[in-house]
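J.: Take a look at target25.tsv, TSV, C-alpha atoms:
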```tsv
chain	number	residue	atom	x	y	z
Z	1	MET	CA	73.59	72.94	89.74
Z	2	ALA	CA	70.59	75.27	89.92
Z	3	GLU	CA	69.42	76.92	86.72
Z	4	VAL	CA	69.52	80.69	86.27
Z	5	GLN	CA	66.25	82.19	85.05
Z	6	ARG	CA	66.47	85.54	83.24
Z	7	ILE	CA	63.76	88.16	82.75
Z	8	GLY	CA	63.82	90.83	80.07
Z	9	MET	CA	66.97	89.59	78.42
Z	10	ALA	CA	68.52	91.89	75.83
Z	11	LYS	CA	71.84	91.63	74.01
Z	12	ARG	CA	73.78	93.50	76.70
Z	13	TYR	CA	71.97	92.64	79.95
Z	14	SER	CA	68.88	91.14	81.60
Z	15	GLU	CA	66.42	93.15	83.69
Z	16	ALA	CA	66.53	90.40	86.31
Z	17	ALA	CA	68.10	87.05	87.09
Z	18	ILE	CA	66.83	84.47	89.56
Z	19	HIS	CA	69.08	81.86	91.14
Z	20	ASN	CA	68.46	79.64	94.17
Z	21	GLY	CA	65.42	81.69	95.21
Z	22	VAL	CA	67.21	85.05	95.04
Z	23	VAL	CA	66.16	87.77	92.58
Z	24	TYR	CA	68.83	90.14	91.27
Z	25	LEU	CA	67.60	93.24	89.42
Z	26	ALA	CA	69.69	95.24	87.00
Z	27	GLY	CA	70.12	98.91	87.80
Z	28	GLN	CA	66.74	100.59	87.34
Z	29	VAL	CA	66.60	104.13	85.97
Z	30	ALA	CA	63.81	106.48	84.92
Z	31	ASP	CA	62.52	106.19	81.39
Z	32	GLN	CA	59.25	108.14	81.26
Z	33	THR	CA	60.40	110.80	83.75
Z	34	ALA	CA	64.05	110.97	82.68
Z	35	ASP	CA	63.82	114.76	82.55
Z	36	GLY	CA	61.84	114.95	85.82
Z	37	ASP	CA	62.91	115.87	89.31
Z	38	ILE	CA	64.28	113.39	91.84
Z	39	GLU	CA	60.86	112.58	93.29
Z	40	ALA	CA	59.34	111.77	89.89
Z	41	GLN	CA	62.33	109.65	88.89
Z	42	THR	CA	62.40	107.82	92.23
Z	43	ALA	CA	58.68	107.03	91.99
Z	44	GLU	CA	59.11	105.67	88.47
Z	45	VAL	CA	62.13	103.56	89.44
Z	46	LEU	CA	60.33	102.08	92.45
Z	47	GLY	CA	57.34	101.28	90.24
Z	48	MET	CA	59.69	99.41	87.91
Z	49	VAL	CA	61.16	97.55	90.88
Z	50	ASP	CA	57.64	96.55	92.00
Z	51	ARG	CA	56.77	95.21	88.52
Z	52	LEU	CA	60.01	93.26	88.10
Z	53	LEU	CA	59.83	91.76	91.57
Z	54	ALA	CA	56.24	90.65	90.96
Z	55	GLU	CA	57.25	89.06	87.65
Z	56	ALA	CA	60.06	87.24	89.48
Z	57	GLY	CA	57.73	85.97	92.22
Z	58	SER	CA	58.82	88.44	94.88
Z	59	SER	CA	57.82	91.79	96.39
Z	60	LYS	CA	59.19	94.73	98.36
Z	61	GLN	CA	58.45	92.77	101.55
Z	62	HIS	CA	61.24	90.37	100.49
Z	63	LEU	CA	64.03	92.90	99.83
Z	64	LEU	CA	67.46	91.68	100.88
Z	65	ARG	CA	69.53	94.71	99.83
Z	66	VAL	CA	69.16	97.93	97.84
Z	67	GLU	CA	71.98	100.01	96.41
Z	68	ILE	CA	71.02	103.57	95.46
Z	69	PHE	CA	73.14	105.75	93.21
Z	70	LEU	CA	72.37	109.47	93.14
Z	71	ARG	CA	73.80	111.88	90.59
Z	72	ASP	CA	73.87	114.53	93.32
Z	73	LEU	CA	73.65	113.94	97.08
Z	74	ALA	CA	71.56	117.14	97.24
Z	75	ASP	CA	68.73	114.85	95.99
Z	76	TYR	CA	69.01	112.59	99.05
Z	77	ASP	CA	66.08	114.10	100.97
Z	78	GLY	CA	63.79	114.16	97.93
Z	79	MET	CA	64.60	110.54	97.09
Z	80	ASN	CA	63.97	109.54	100.72
Z	81	ARG	CA	60.54	111.22	100.76
Z	82	VAL	CA	59.42	108.87	97.97
Z	83	TRP	CA	61.34	105.89	99.38
Z	84	ASP	CA	59.81	106.30	102.86
Z	85	ALA	CA	56.29	106.30	101.40
Z	86	TRP	CA	57.10	103.20	99.30
Z	87	VAL	CA	59.02	100.88	101.63
Z	88	ALA	CA	56.77	98.45	103.47
Z	89	PRO	CA	56.60	99.22	107.22
Z	90	GLY	CA	58.68	96.68	109.12
Z	91	PHE	CA	60.48	95.52	105.95
Z	92	ALA	CA	63.15	98.21	105.39
Z	93	PRO	CA	66.14	96.44	103.80
Z	94	PRO	CA	69.84	96.99	104.27
Z	95	ARG	CA	70.63	99.91	101.99
Z	96	ALA	CA	73.56	101.90	100.67
Z	97	THR	CA	73.29	105.32	99.02
Z	98	VAL	CA	76.19	106.92	97.20
Z	99	GLN	CA	76.84	109.74	94.79
Z	100	ALA	CA	77.87	108.52	91.34
Z	101	ALA	CA	78.23	109.68	87.78
Z	102	LEU	CA	75.33	107.92	86.05
Z	103	ALA	CA	75.44	106.77	82.42
Z	104	ARG	CA	73.11	109.53	81.16
Z	105	PRO	CA	73.27	113.13	82.39
Z	106	ASN	CA	69.49	113.45	82.93
Z	107	TRP	CA	69.26	110.37	85.18
Z	108	ARG	CA	69.17	111.45	88.82
Z	109	VAL	CA	68.81	108.03	90.49
Z	110	GLU	CA	69.61	104.38	89.79
Z	111	MET	CA	68.69	101.48	92.06
Z	112	VAL	CA	70.07	97.95	92.20
Z	113	VAL	CA	67.85	95.55	94.12
Z	114	THR	CA	68.31	92.05	95.49
Z	115	ALA	CA	65.29	90.19	96.92
Z	116	ALA	CA	64.23	86.72	98.00
Z	117	GLN	CA	61.46	85.00	96.10
Z	118	ALA	CA	58.21	84.87	98.04
```
Translate this structure into structure tokens?

T.:
Amino acid sequence: MAEVQRIGMAKRYSEAAIHNGVVYLAGQVADQTADGDIEAQTAEVLGMVDRLLAEAGSSKQHLLRVEIFLRDLADYDGMNRVWDAWVAPGFAPPRATVQAALARPNWRVEMVVTAAQA
């Protein structure tokens, strides 16, 4: 049975888990820009995704699936402006975007990412 490697393990969750060459990220939310607009929060979240994927031996060119949770679907266009500038041309992953009540009222976006290791 293949071992599960965990990154950034805390008491309640891990930032990432790797199993059989697949990287699973926990939901990523803004920390530094938690009171910022959707574009600032999206940029921060995608930066966190980049860092975690690199630590796990992957990258945005290896995305398998992304689930995006928005506090308000009115933020969809603003989130997509940042997303479109970030996603690697020719490597857009399957993606779902839904409106959801997030755990903190100032969070506007949360992303859950699955990627293959490079």

J.: Which neighbours of Arg95 in chain Z fall inside 9 Å, counting all atoms listed in the file, when residues of the same chain fewer than 5 positions from it are skipped, and could you give them as a ChimeraX atom specification?

T.: /Z:64-68

J.: Take the residues from that selection and put them in a file with C-alpha atoms, as an mmCIF file, in the coordinates of the input.

T.:
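The file below, part-v3.cif, is the result:
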```
data_model
loop_
_atom_site.group_PDB
_atom_site.id
_atom_site.type_symbol
_atom_site.label_atom_id
_atom_site.label_comp_id
_atom_site.auth_asym_id
_atom_site.auth_seq_id
_atom_site.Cartn_x
_atom_site.Cartn_y
_atom_site.Cartn_z
ATOM 1 C CA LEU Z 64 67.460 91.680 100.880
ATOM 2 C CA ARG Z 65 69.530 94.710 99.830
ATOM 3 C CA VAL Z 66 69.160 97.930 97.840
ATOM 4 C CA GLU Z 67 71.980 100.010 96.410
ATOM 5 C CA ILE Z 68 71.020 103.570 95.460
#
```

J.: Counting only C-alpha atoms, what is within 12 Å of range 34-40 of chain Z, bar same-chain residues fewer than 3 positions away, as number ranges by chain?

T.: Z: 28-31, 43-47, 69-86, 104-110

J.: Using only C-alpha atoms, which of Z:Leu52, Z:Ala2, Z:Thr33, Z:Ala103 sits nearest Ala16 in chain Z?

T.: Z:Leu52

J.: Tell me which of Z:Thr97, Z:Gly27, Z:Thr114, Z:Ala10 sits closest to Ser59 in chain Z, counting all atoms listed in the file.

T.: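 The shortest atom-to-atom distance to Ser59 in chain Z comes from Z:Thr114.
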
J.: Would you kindly return, as number ranges by chain, each protein, DNA or RNA residue with an atom no farther than 10 Å from any atom of Asn20 in chain Z, considering all atoms listed in the file and excluding same-chain residues fewer than 3 positions away?

T.: Z: 1-5, 23, 116-117

J.: CA of Ala115 in chain Z and CA of Tyr13 in chain Z, how far apart in Å?

T.: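 Interatomic distance, CA of Tyr13 in chain Z to CA of Ala115 in chain Z: 18.4 Å.
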
J.: Closest to Ser58 in chain Z among Z:Gly21, Z:Ile7, Z:Gln32, Z:Gln41, using all atoms listed in the file?

T.: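 Among the listed residues, Z:Gly21 lies closest to Ser58 in chain Z.
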
J.: So how many Å separate CA of Gln61 in chain Z and CA of Ala100 in chain Z, to one decimal?

T.: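 Atom-to-atom, CA of Gln61 in chain Z to CA of Ala100 in chain Z, that is 27.0 Å.
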
J.: Output as lines of an AutoDock Vina configuration file the centre and edge lengths (Å, one decimal) of the box along x, y and z of the file that holds every listed atom of range 84-92 of chain Z after adding 5 Å on each side.

T.:
```
center_x = 59.7
center_y = 100.9
center_z = 104.2
size_x = 16.9
size_y = 20.8
size_z = 19.8
```

J.: Can you work out which one of Z:Met111, Z:Ala56, Z:Arg12, Z:His62 has the shortest atom-to-atom distance to Thr42 in chain Z, counting all atoms listed in the file?

T.: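 For Thr42 in chain Z, the nearest of the candidates is Z:Met111.
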
J.: Closest to Ile18 in chain Z among Z:Arg6, Z:Val49, Z:Phe91, Z:Gln99, using only C-alpha atoms?

T.: Z:Arg6

J.: By how many Å are CA of Glu55 in chain Z and CA of Val113 in chain Z apart?

T.: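 CA of Val113 in chain Z lies 14.0 Å from CA of Glu55 in chain Z.
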
J.: Nearest residue to Val22 in chain Z out of Z:Ala88, Z:Ala101, Z:Ala96, Z:Leu63, using only C-alpha atoms?

T.: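 Going through Z:Ala88, Z:Ala101, Z:Ala96, Z:Leu63 one by one, the smallest distance to Val22 in chain Z is for Z:Leu63.
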